[in-house]
Amino acid sequence: MPGSQPRLFGIVTASIFIALVLSWLKGDTPASSQGTPLPANGKIAYVANGSVPAPERVPWELRVMNPDGSNVSIIRNLTLDFTLASFLDWSPDGARIAFSARTAFDGPDAIYVMHPDGSSLSNLTGSLPGPKGAPSWSPDGSRITFWALSDGRSGLYVMDPDGGNQTLVMEDEAILSDLAWSPDGS
């Protein structure tokens, strides 16, 4: 059904947010959508979007809040730069947020980082062909892992936080997703 994808994504995004808040209210340890502990700054980051079809759609926004839902702030209007953004992951020190995003609906995703105030937006994987997603910071913040799809095969990559030293670690015919480091980074 045309126009249903933005509505469905809005419902899914809201469901994840509600699950995080309910988990916190039950007294569970707050965690990101990928099950990792909150960063040193204790904030939750999320993407919010409108649930009505374009052109009336509310802009995509990257927001942060406290684990109790207070102090929600918009740190960047993503609509100015991207048509889609997802897979947020905080650096362990809370100084940067990594995410995947695309600049055109039919274009590939790339991995980006920025500061929590929305500044210093940087494309880390611009020269790597094909779609990319699910960035995940190592526990010490020295590396980021992500998946990339090229020639019908998924690859697991590791790179430095500035996008340098992109290394293919493993390749598979299966689609990779939901990457997570072990707590000790090994």
# chains A, B, ... in the order shown; residues from 1 in each chain; ligands from 1

call {"tool": "select_by_dssp", "arguments": {"residues": "segment 71-147 of chain A", "states": "strand (DSSP E or B)", "output": "PyMOL selection string"}}
result
chain A and resi 73-77+84-90+97-102+110-114+122-123+132-137+144-147

call {"tool": "residues_around", "arguments": {"residues": "Asn123 of chain A", "least_positions_apart": "3", "cutoff": "9 Å", "atoms": "only C-alpha atoms", "output": "ChimeraX atom specification"}}
result
/A:110-113,126,162-163

call {"tool": "residues_around", "arguments": {"residues": "Thr79 of chain A", "least_positions_apart": "3", "cutoff": "10 Å", "atoms": "only C-alpha atoms", "output": "number ranges by chain"}}
result
A: 49, 58-62, 76, 82-85, 103

call {"tool": "write_last_selection", "arguments": {"atoms": "all heavy atoms", "output": "CSV table (one decimal), in the first residue's frame"}}
result
chain,number,residue,atom,x,y,z
A,49,ASN,N,10.3,10.5,13.5
A,49,ASN,CA,9.8,11.0,12.2
A,49,ASN,C,8.3,11.0,12.2
A,49,ASN,O,7.7,10.5,13.1
A,49,ASN,CB,10.3,10.0,11.1
A,49,ASN,CG,9.6,8.7,11.1
A,49,ASN,OD1,9.5,8.1,12.2
A,49,ASN,ND2,9.2,8.2,10.0
A,58,VAL,N,6.4,15.1,9.2
A,58,VAL,CA,7.3,15.8,10.1
A,58,VAL,C,8.7,15.4,9.8
A,58,VAL,O,9.0,14.3,9.4
A,58,VAL,CB,6.9,15.3,11.6
A,58,VAL,CG1,7.9,15.9,12.6
A,58,VAL,CG2,5.5,15.7,11.9
A,59,PRO,N,9.6,16.4,9.9
A,59,PRO,CA,11.0,16.1,9.5
A,59,PRO,C,11.6,15.0,10.4
A,59,PRO,O,11.2,14.8,11.5
A,59,PRO,CB,11.7,17.4,9.8
A,59,PRO,CG,10.7,18.4,9.9
A,59,PRO,CD,9.4,17.7,10.3
A,60,TRP,N,12.5,14.2,9.8
A,60,TRP,CA,13.3,13.2,10.6
A,60,TRP,C,14.2,14.0,11.5
A,60,TRP,O,14.9,15.0,11.0
A,60,TRP,CB,14.2,12.4,9.6
A,60,TRP,CG,13.5,11.5,8.8
A,60,TRP,CD1,12.7,11.7,7.6
A,60,TRP,CD2,13.4,10.1,8.9
A,60,TRP,NE1,12.2,10.6,7.1
A,60,TRP,CE2,12.6,9.5,7.9
A,60,TRP,CE3,13.9,9.2,9.8
A,60,TRP,CZ2,12.3,8.2,7.8
A,60,TRP,CZ3,13.7,7.8,9.7
A,60,TRP,CH2,12.9,7.4,8.7
A,61,GLU,N,14.2,13.7,12.7
A,61,GLU,CA,15.1,14.4,13.7
A,61,GLU,C,15.8,13.4,14.6
A,61,GLU,O,15.3,12.3,14.9
A,61,GLU,CB,14.2,15.2,14.6
A,61,GLU,CG,13.4,16.3,13.9
A,61,GLU,CD,12.4,16.9,14.8
A,61,GLU,OE1,11.9,16.3,15.7
A,61,GLU,OE2,12.0,18.1,14.4
A,62,LEU,N,17.1,13.7,14.8
A,62,LEU,CA,17.9,12.9,15.8
A,62,LEU,C,17.7,13.6,17.1
A,62,LEU,O,17.9,14.8,17.3
A,62,LEU,CB,19.3,12.9,15.4
A,62,LEU,CG,20.2,12.0,16.3
A,62,LEU,CD1,19.7,10.6,16.4
A,62,LEU,CD2,21.6,12.0,15.7
A,76,ARG,N,19.6,17.4,15.8
A,76,ARG,CA,19.8,17.6,14.3
A,76,ARG,C,18.6,17.2,13.6
A,76,ARG,O,18.0,16.2,13.8
A,76,ARG,CB,21.0,16.8,13.8
A,76,ARG,CG,21.4,17.2,12.4
A,76,ARG,CD,22.7,16.6,12.0
A,76,ARG,NE,23.1,17.1,10.7
A,76,ARG,CZ,24.1,18.0,10.5
A,76,ARG,NH1,24.8,18.5,11.6
A,76,ARG,NH2,24.5,18.4,9.3
A,82,PHE,N,19.4,13.8,4.9
A,82,PHE,CA,19.2,12.4,4.7
A,82,PHE,C,17.7,12.1,4.4
A,82,PHE,O,16.8,12.8,4.8
A,82,PHE,CB,19.6,11.5,5.8
A,82,PHE,CG,21.0,11.8,6.3
A,82,PHE,CD1,21.3,12.4,7.5
A,82,PHE,CD2,22.1,11.4,5.5
A,82,PHE,CE1,22.5,12.7,7.9
A,82,PHE,CE2,23.4,11.6,5.9
A,82,PHE,CZ,23.6,12.3,7.1
A,83,THR,N,17.5,11.0,3.7
A,83,THR,CA,16.1,10.5,3.5
A,83,THR,C,15.8,9.4,4.4
A,83,THR,O,14.6,9.1,4.6
A,83,THR,CB,15.9,10.0,2.0
A,83,THR,OG1,16.9,9.0,1.8
A,83,THR,CG2,16.1,11.1,1.0
A,84,LEU,N,16.8,8.8,5.0
A,84,LEU,CA,16.6,7.7,6.0
A,84,LEU,C,17.8,7.7,6.9
A,84,LEU,O,18.9,7.8,6.5
A,84,LEU,CB,16.4,6.4,5.3
A,84,LEU,CG,16.2,5.2,6.1
A,84,LEU,CD1,14.8,5.3,6.8
A,84,LEU,CD2,16.2,3.9,5.2
A,85,ALA,N,17.5,7.4,8.2
A,85,ALA,CA,18.6,7.2,9.2
A,85,ALA,C,18.2,6.2,10.2
A,85,ALA,O,17.0,6.1,10.5
A,85,ALA,CB,18.9,8.5,9.9
A,103,THR,N,21.4,9.5,1.6
A,103,THR,CA,21.1,10.8,1.1
A,103,THR,C,20.0,10.8,0.0
A,103,THR,O,19.5,11.9,-0.3
A,103,THR,CB,22.3,11.5,0.6
A,103,THR,OG1,22.9,10.7,-0.4
A,103,THR,CG2,23.3,11.7,1.7

call {"tool": "residues_around", "arguments": {"residues": "Met159 of chain A", "least_positions_apart": "3", "cutoff": "7 Å", "atoms": "only C-alpha atoms", "output": "number ranges by chain"}}
result
A: 143-145, 163-167

call {"tool": "write_last_selection", "arguments": {"atoms": "N, CA and C atoms", "output": "PDB file, in the first residue's frame"}}
result
ATOM      1  N   ARG A 143      37.455   1.358  17.738  1.00  0.00           N
ATOM      2  CA  ARG A 143      37.051   0.799  16.456  1.00  0.00           C
ATOM      3  C   ARG A 143      35.531   0.813  16.327  1.00  0.00           C
ATOM      4  N   ILE A 144      35.070   0.752  15.085  1.00  0.00           N
ATOM      5  CA  ILE A 144      33.645   0.636  14.776  1.00  0.00           C
ATOM      6  C   ILE A 144      33.495  -0.530  13.811  1.00  0.00           C
ATOM      7  N   THR A 145      32.552  -1.404  14.089  1.00  0.00           N
ATOM      8  CA  THR A 145      32.251  -2.472  13.154  1.00  0.00           C
ATOM      9  C   THR A 145      30.938  -2.129  12.444  1.00  0.00           C
ATOM     10  N   GLY A 163      37.080   6.597  10.201  1.00  0.00           N
ATOM     11  CA  GLY A 163      36.795   5.966   8.916  1.00  0.00           C
ATOM     12  C   GLY A 163      38.014   5.337   8.261  1.00  0.00           C
ATOM     13  N   GLY A 164      39.171   5.517   8.837  1.00  0.00           N
ATOM     14  CA  GLY A 164      40.389   4.936   8.279  1.00  0.00           C
ATOM     15  C   GLY A 164      40.505   3.447   8.573  1.00  0.00           C
ATOM     16  N   ASN A 165      41.405   2.802   7.849  1.00  0.00           N
ATOM     17  CA  ASN A 165      41.710   1.381   8.053  1.00  0.00           C
ATOM     18  C   ASN A 165      40.479   0.481   7.979  1.00  0.00           C
ATOM     19  N   GLN A 166      39.628   0.706   6.968  1.00  0.00           N
ATOM     20  CA  GLN A 166      38.463  -0.161   6.782  1.00  0.00           C
ATOM     21  C   GLN A 166      38.954  -1.532   6.343  1.00  0.00           C
ATOM     22  N   THR A 167      38.631  -2.539   7.136  1.00  0.00           N
ATOM     23  CA  THR A 167      39.123  -3.887   6.912  1.00  0.00           C
ATOM     24  C   THR A 167      37.960  -4.867   6.848  1.00  0.00           C
TER      25      THR A 167
END

call {"tool": "residues_around", "arguments": {"residues": "Pro129 of chain A", "least_positions_apart": "5", "cutoff": "12 Å", "atoms": "only C-alpha atoms", "output": "list in words"}}
result
Gly107, Pro108, Asp109, Ala110, Ile111, Trp147, Ala148, Leu149, Ser150, Asp151, Gly152 and Gly155 of chain A

call {"tool": "atom_distance", "arguments": {"atom1": "atom CA of Arg102 of chain A", "atom2": "atom CA of Phe87 of chain A"}}
result
12.0 Å

call {"tool": "residues_around", "arguments": {"residues": "segment 89-95 of chain A", "least_positions_apart": "2", "cutoff": "7 Å", "atoms": "only C-alpha atoms", "output": "PyMOL selection string"}}
result
chain A and resi 39-41+87+97-99+115-116+135-137+139-141

call {"tool": "write_last_selection", "arguments": {"atoms": "N, CA, C and O atoms", "output": "JSON list (two decimals), in the first residue's frame"}}
result
[["chain", "number", "residue", "atom", "x", "y", "z"],
["A", 39, "PRO", "N", 25.82, 5.15, 27.23],
["A", 39, "PRO", "CA", 27.17, 5.71, 27.25],
["A", 39, "PRO", "C", 27.43, 6.46, 28.54],
["A", 39, "PRO", "O", 26.53, 6.65, 29.37],
["A", 40, "ALA", "N", 28.66, 6.92, 28.69],
["A", 40, "ALA", "CA", 29.07, 7.63, 29.90],
["A", 40, "ALA", "C", 28.19, 8.84, 30.19],
["A", 40, "ALA", "O", 27.99, 9.20, 31.35],
["A", 41, "ASN", "N", 27.60, 9.46, 29.14],
["A", 41, "ASN", "CA", 26.76, 10.63, 29.39],
["A", 41, "ASN", "C", 25.35, 10.25, 29.83],
["A", 41, "ASN", "O", 24.57, 11.12, 30.16],
["A", 87, "PHE", "N", 19.98, 2.72, 13.00],
["A", 87, "PHE", "CA", 21.10, 2.03, 13.65],
["A", 87, "PHE", "C", 22.01, 2.98, 14.44],
["A", 87, "PHE", "O", 23.21, 3.02, 14.23],
["A", 97, "ILE", "N", 28.03, 9.92, 18.19],
["A", 97, "ILE", "CA", 26.99, 8.98, 17.81],
["A", 97, "ILE", "C", 27.30, 8.50, 16.40],
["A", 97, "ILE", "O", 27.52, 9.31, 15.50],
["A", 98, "ALA", "N", 27.31, 7.18, 16.21],
["A", 98, "ALA", "CA", 27.46, 6.60, 14.87],
["A", 98, "ALA", "C", 26.07, 6.15, 14.41],
["A", 98, "ALA", "O", 25.24, 5.74, 15.22],
["A", 99, "PHE", "N", 25.82, 6.25, 13.12],
["A", 99, "PHE", "CA", 24.54, 5.80, 12.57],
["A", 99, "PHE", "C", 24.69, 5.56, 11.08],
["A", 99, "PHE", "O", 25.66, 5.98, 10.47],
["A", 115, "HIS", "N", 28.88, 14.64, 16.77],
["A", 115, "HIS", "CA", 28.85, 14.93, 18.21],
["A", 115, "HIS", "C", 27.40, 14.99, 18.68],
["A", 115, "HIS", "O", 26.50, 15.25, 17.87],
["A", 116, "PRO", "N", 27.15, 14.79, 19.96],
["A", 116, "PRO", "CA", 25.78, 14.79, 20.46],
["A", 116, "PRO", "C", 25.06, 16.13, 20.37],
["A", 116, "PRO", "O", 23.86, 16.20, 20.57],
["A", 135, "PRO", "N", 26.34, 0.30, 12.55],
["A", 135, "PRO", "CA", 27.63, 0.58, 13.18],
["A", 135, "PRO", "C", 27.58, 0.25, 14.67],
["A", 135, "PRO", "O", 26.55, 0.42, 15.32],
["A", 136, "SER", "N", 28.67, -0.27, 15.17],
["A", 136, "SER", "CA", 28.76, -0.64, 16.59],
["A", 136, "SER", "C", 30.15, -0.30, 17.10],
["A", 136, "SER", "O", 31.15, -0.80, 16.57],
["A", 137, "TRP", "N", 30.22, 0.55, 18.12],
["A", 137, "TRP", "CA", 31.50, 0.96, 18.70],
["A", 137, "TRP", "C", 32.09, -0.17, 19.53],
["A", 137, "TRP", "O", 31.37, -0.86, 20.25],
["A", 139, "PRO", "N", 34.07, -1.55, 22.82],
["A", 139, "PRO", "CA", 33.95, -1.05, 24.19],
["A", 139, "PRO", "C", 34.96, 0.03, 24.57],
["A", 139, "PRO", "O", 34.67, 0.90, 25.39],
["A", 140, "ASP", "N", 36.14, 0.02, 23.96],
["A", 140, "ASP", "CA", 37.14, 1.05, 24.26],
["A", 140, "ASP", "C", 37.06, 2.26, 23.32],
["A", 140, "ASP", "O", 37.81, 3.22, 23.45],
["A", 141, "GLY", "N", 36.13, 2.21, 22.35],
["A", 141, "GLY", "CA", 35.92, 3.34, 21.43],
["A", 141, "GLY", "C", 36.97, 3.47, 20.35],
["A", 141, "GLY", "O", 36.96, 4.44, 19.60]]
